[in-house]
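Peer 1: The file below is final-v2.csv, CSV, C-alpha atoms:
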chain,number,residue,atom,x,y,z
Y,1373,MET,CA,153.3,62.9,171.0
Y,1374,ASN,CA,153.0,60.8,167.9
Y,1375,ASN,CA,151.3,57.6,168.9
Y,1376,ASN,CA,153.0,55.8,166.1
Y,1377,LEU,CA,156.4,56.1,167.9
Y,1378,GLN,CA,155.0,54.1,170.8
Y,1379,ARG,CA,154.0,51.1,168.7
Y,1380,PRO,CA,156.0,49.0,166.2
Y,1381,HIS,CA,154.9,49.4,162.6
Y,1382,ARG,CA,152.7,46.6,161.4
Y,1383,ARG,CA,153.0,45.3,157.9
Y,1384,SER,CA,149.8,45.1,155.9
Y,1385,VAL,CA,148.7,41.6,155.2
Y,1386,ARG,CA,146.5,42.7,152.3
Y,1387,LEU,CA,147.5,41.3,148.9
Y,1388,THR,CA,148.4,44.1,146.6
Y,1389,GLY,CA,145.9,44.4,143.7
Y,1390,TYR,CA,143.7,41.6,145.0
Y,1391,ASP,CA,140.0,42.0,144.4
Y,1392,TYR,CA,138.4,41.7,147.8
Y,1393,SER,CA,134.9,41.5,146.3
Y,1394,GLN,CA,135.6,38.0,145.0
Y,1395,ALA,CA,133.6,35.1,146.3
Y,1396,GLY,CA,135.2,33.5,149.2
Y,1397,ALA,CA,135.5,33.4,153.0
Y,1398,TYR,CA,137.7,36.0,154.6
Y,1399,PHE,CA,139.1,35.9,158.2
Y,1400,ILE,CA,139.2,39.4,159.8
Y,1401,THR,CA,140.5,40.7,163.1
Y,1402,THR,CA,139.8,44.2,164.5
Y,1403,CYS,CA,141.4,45.5,167.7
Y,1404,VAL,CA,140.2,48.2,170.2
Y,1405,GLN,CA,142.3,51.3,170.0
Y,1406,ASP,CA,145.2,51.1,172.5
Y,1407,ARG,CA,144.0,47.6,173.2
Y,1408,ILE,CA,141.7,48.8,176.0
Y,1409,LEU,CA,139.7,45.9,177.5
Y,1410,LEU,CA,136.4,47.3,176.3
Y,1411,PHE,CA,134.1,44.5,175.3
Y,1412,GLY,CA,133.9,42.5,178.5
Y,1413,GLU,CA,136.0,40.1,180.5
Y,1414,ALA,CA,137.1,36.5,180.3
Y,1415,VAL,CA,136.1,34.7,183.5
Y,1416,ASP,CA,137.0,31.0,184.0
Y,1417,GLY,CA,137.7,30.6,180.3
Y,1418,GLU,CA,134.4,32.1,179.3
Y,1419,MET,CA,133.9,35.5,177.7
Y,1420,ARG,CA,131.3,37.7,179.4
Y,1421,LEU,CA,130.3,40.5,177.1
Y,1422,ASN,CA,129.4,43.9,178.6
Y,1423,GLU,CA,127.2,46.5,176.9
Y,1424,TYR,CA,129.9,47.3,174.4
Y,1425,GLY,CA,130.6,43.7,173.5
Y,1426,GLU,CA,126.8,43.2,172.9
Y,1427,ILE,CA,126.9,46.2,170.5
Y,1428,VAL,CA,129.7,44.4,168.6
Y,1429,ARG,CA,127.8,41.1,168.6
Y,1430,ARG,CA,124.5,42.8,167.4
Y,1431,GLU,CA,126.3,44.7,164.6
Y,1432,TRP,CA,128.2,41.7,163.4
Y,1433,GLU,CA,125.0,39.6,163.1
Y,1434,ARG,CA,123.3,42.6,161.4
Y,1435,THR,CA,126.2,42.8,158.9
Y,1436,GLY,CA,125.1,39.5,157.3
Y,1437,LYS,CA,121.5,40.4,157.2
Y,1438,ILE,CA,121.6,43.8,155.6
Y,1439,ARG,CA,124.0,43.0,152.7
Y,1440,GLN,CA,122.6,40.9,149.9
Y,1441,ASP,CA,125.8,39.1,148.8
Y,1442,VAL,CA,127.4,38.8,152.2
Y,1443,GLY,CA,127.1,36.3,155.0
Y,1444,ILE,CA,128.8,35.9,158.3
Y,1445,ASP,CA,130.2,32.7,159.7
Y,1446,ALA,CA,131.9,31.9,163.0
Y,1447,PHE,CA,133.1,34.9,165.2
Y,1448,VAL,CA,134.5,35.5,168.6
Y,1449,ILE,CA,134.6,38.6,170.7
Y,1450,MET,CA,137.5,39.0,173.1
Y,1451,PRO,CA,138.0,41.7,175.7
Y,1452,ASN,CA,140.0,44.0,173.4
Y,1453,HIS,CA,139.6,42.5,169.9
Y,1454,PHE,CA,137.2,40.6,167.5
Y,1455,HIS,CA,137.7,37.8,165.0
Y,1456,GLY,CA,135.1,36.9,162.4
Y,1457,ILE,CA,134.7,35.2,159.0
Y,1458,ILE,CA,132.9,37.1,156.2
Y,1459,VAL,CA,131.6,35.1,153.3
Y,1460,ILE,CA,131.1,36.9,150.0
Y,1461,ASP,CA,128.8,35.0,147.7
Y,1462,PRO,CA,127.8,37.0,144.6
Y,1463,GLY,CA,125.3,34.3,143.8
Y,1464,ARG,CA,123.2,35.2,146.8
Y,1465,GLY,CA,122.0,38.5,145.4
Y,1466,THR,CA,120.3,39.3,142.1
Y,1467,LEU,CA,122.9,41.6,140.6
Y,1468,GLN,CA,126.3,40.7,139.3
Y,1469,ARG,CA,128.9,43.3,138.9
Y,1470,ALA,CA,132.2,43.3,137.1
Y,1471,PRO,CA,135.2,42.6,139.4
Y,1472,THR,CA,136.9,45.7,140.5
Y,1473,THR,CA,139.6,46.6,143.0
Y,1474,GLU,CA,138.8,49.2,145.5
Y,1475,ARG,CA,140.7,52.4,145.2
Y,1476,PHE,CA,141.4,54.9,148.0
Y,1477,GLY,CA,138.5,57.3,148.5
Y,1478,LYS,CA,136.1,55.3,146.3
Y,1479,PRO,CA,134.4,52.7,148.4
Y,1480,THR,CA,132.9,49.7,146.5
Y,1481,SER,CA,130.0,47.9,148.1
Y,1482,ASN,CA,130.4,44.4,149.4
Y,1483,THR,CA,134.2,44.4,149.4
Y,1484,ILE,CA,136.0,43.4,152.6
Y,1485,PRO,CA,137.5,46.9,153.2
Y,1486,THR,CA,134.1,48.5,152.9
Y,1487,ILE,CA,132.3,45.9,155.0
Y,1488,VAL,CA,134.9,46.2,157.8
Y,1489,ARG,CA,135.0,50.0,157.6
Y,1490,LEU,CA,131.2,50.2,158.0
Y,1491,PHE,CA,131.2,47.6,160.8
Y,1492,LYS,CA,133.9,49.4,162.7
Y,1493,SER,CA,132.4,52.9,162.2
Y,1494,THR,CA,128.9,51.8,163.3
Y,1495,THR,CA,130.1,50.0,166.4
Y,1496,THR,CA,132.4,52.9,167.3
Y,1497,ARG,CA,129.6,55.4,167.0
Y,1498,GLN,CA,127.2,53.3,169.1
Y,1499,ILE,CA,129.8,52.6,171.8
Y,1500,ASP,CA,130.8,56.3,171.9
Y,1501,PHE,CA,127.1,57.2,172.3
Y,1502,ALA,CA,126.7,54.7,175.1
Y,1503,ARG,CA,129.8,56.1,176.8
Y,1504,VAL,CA,128.6,59.7,176.6
Y,1505,LYS,CA,125.2,58.7,177.8
Y,1506,GLY,CA,127.0,57.4,180.9
Y,1507,THR,CA,125.5,53.9,180.8
Y,1508,HIS,CA,128.9,52.2,181.3
Y,1509,LEU,CA,131.9,54.5,181.9
Y,1510,THR,CA,134.5,52.2,183.4
Y,1511,ARG,CA,137.8,52.0,181.4
Y,1512,GLN,CA,140.4,49.4,182.2
Kindly return the structure encoded in the file as structure tokens.

Peer 2:
Amino acid sequence: MNNNLQRPHRRSVRLTGYDYSQAGAYFITTCVQDRILLFGEAVDGEMRLNEYGEIVRREWERTGKIRQDVGIDAFVIMPNHFHGIIVIDPGRGTLQRAPTTERFGKPTSNTIPTIVRLFKSTTTRQIDFARVKGTHLTRQ
């Protein structure tokens, strides 16, 4: 069955033609597929990360360290989603590049779509590996 029939279509909030490599702070949200409570649990108003939530935390912090013109600001990990602020500051690095918009199939480094895509794929791979390894198999 087509999973799209089960969920209402969500309109993209991206600005058409906007250059997401421009300097600035960008608020992002990512959700776990099917909104499974995967990253931990909220107990008495406090988020307790499990192994998978710790993977998300580590990779988010690493995101700001491995990219020359990118920093991270405040973030919060919830049981089935993540919010964070990415700061793009081309002055942090040594190279300046001409502003370009990212085109489908042609990733451009240090743009919001590329940063988010790499963050999501890295965390997904690590969580999938941990699940196969059997270190934490419970699904809610």

Peer 1: For a quick check of understanding, using only C-alpha atoms, which of Y:Glu1426, Y:Asp1406, Y:Asp1416, Y:Asp1391 has the smallest distance to Gln1498 of chain Y?

Peer 2: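 Using only C-alpha atoms, the shortest distance to Gln1498 of chain Y belongs to Y:Glu1426.
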
Peer 1: Calculate how many Å separate atom CA of Thr1495 of chain Y from atom CA of Leu1421 of chain Y, rounding to one decimal.

Peer 2: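 So the two atoms, atom CA of Thr1495 of chain Y and atom CA of Leu1421 of chain Y, lie 14.3 Å apart.
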
Peer 1: Could you pull the residues within 8 Å of Ala1414 of chain Y, counting only C-alpha atoms, minus those fewer than 3 positions along the same chain, as a tab-separated table (two decimals) with C-alpha atoms, in the frame of the given file?

Peer 2:
chain	number	residue	atom	x	y	z
Y	1417	GLY	CA	137.70	30.60	180.30
Y	1418	GLU	CA	134.40	32.10	179.30
Y	1419	MET	CA	133.90	35.50	177.70
Y	1420	ARG	CA	131.30	37.70	179.40
Y	1450	MET	CA	137.50	39.00	173.10
Y	1451	PRO	CA	138.00	41.70	175.70

Peer 1: Near Arg1430 of chain Y, counting only C-alpha atoms, which residues have an atom at most 12 Å away, once you skip same-chain residues fewer than 4 positions from it, shown as a PyMOL selection string?

Peer 2: chain Y and resi 1421+1423-1426+1434-1437+1447+1449+1491+1494-1495+1498-1499

Peer 1: Select, from Y:Ser1393, Y:Thr1486, Y:Ser1481, Y:Thr1388, the residue with the minimum atom-to-atom distance to Ile1460 of chain Y, counting all atoms listed in the file.

Peer 2: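 Distance minimum relative to Ile1460 of chain Y lands on Y:Ser1393.
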
Peer 1: Have a look at atom CA of Asn1482 of chain Y and atom CA of Asp1441 of chain Y and let me know their distance in Å, one decimal.

Peer 2: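 Separation of atom CA of Asn1482 of chain Y and atom CA of Asp1441 of chain Y: 7.0 Å.
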
Peer 1: Please compute the atom CA of Trp1432 of chain Y-atom CA of Ile1444 of chain Y distance, one decimal, in Å.

Peer 2: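 Atom CA of Trp1432 of chain Y sits 7.7 Å away from atom CA of Ile1444 of chain Y.
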
Peer 1: When you count all atoms listed in the file, which of these residues is closest to Glu1413 of chain Y: Y:Ala1397, Y:Ala1446, Y:Asn1452, Y:Ile1484?

Peer 2: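 Of the candidates, the smallest distance to Glu1413 of chain Y is held by Y:Asn1452.
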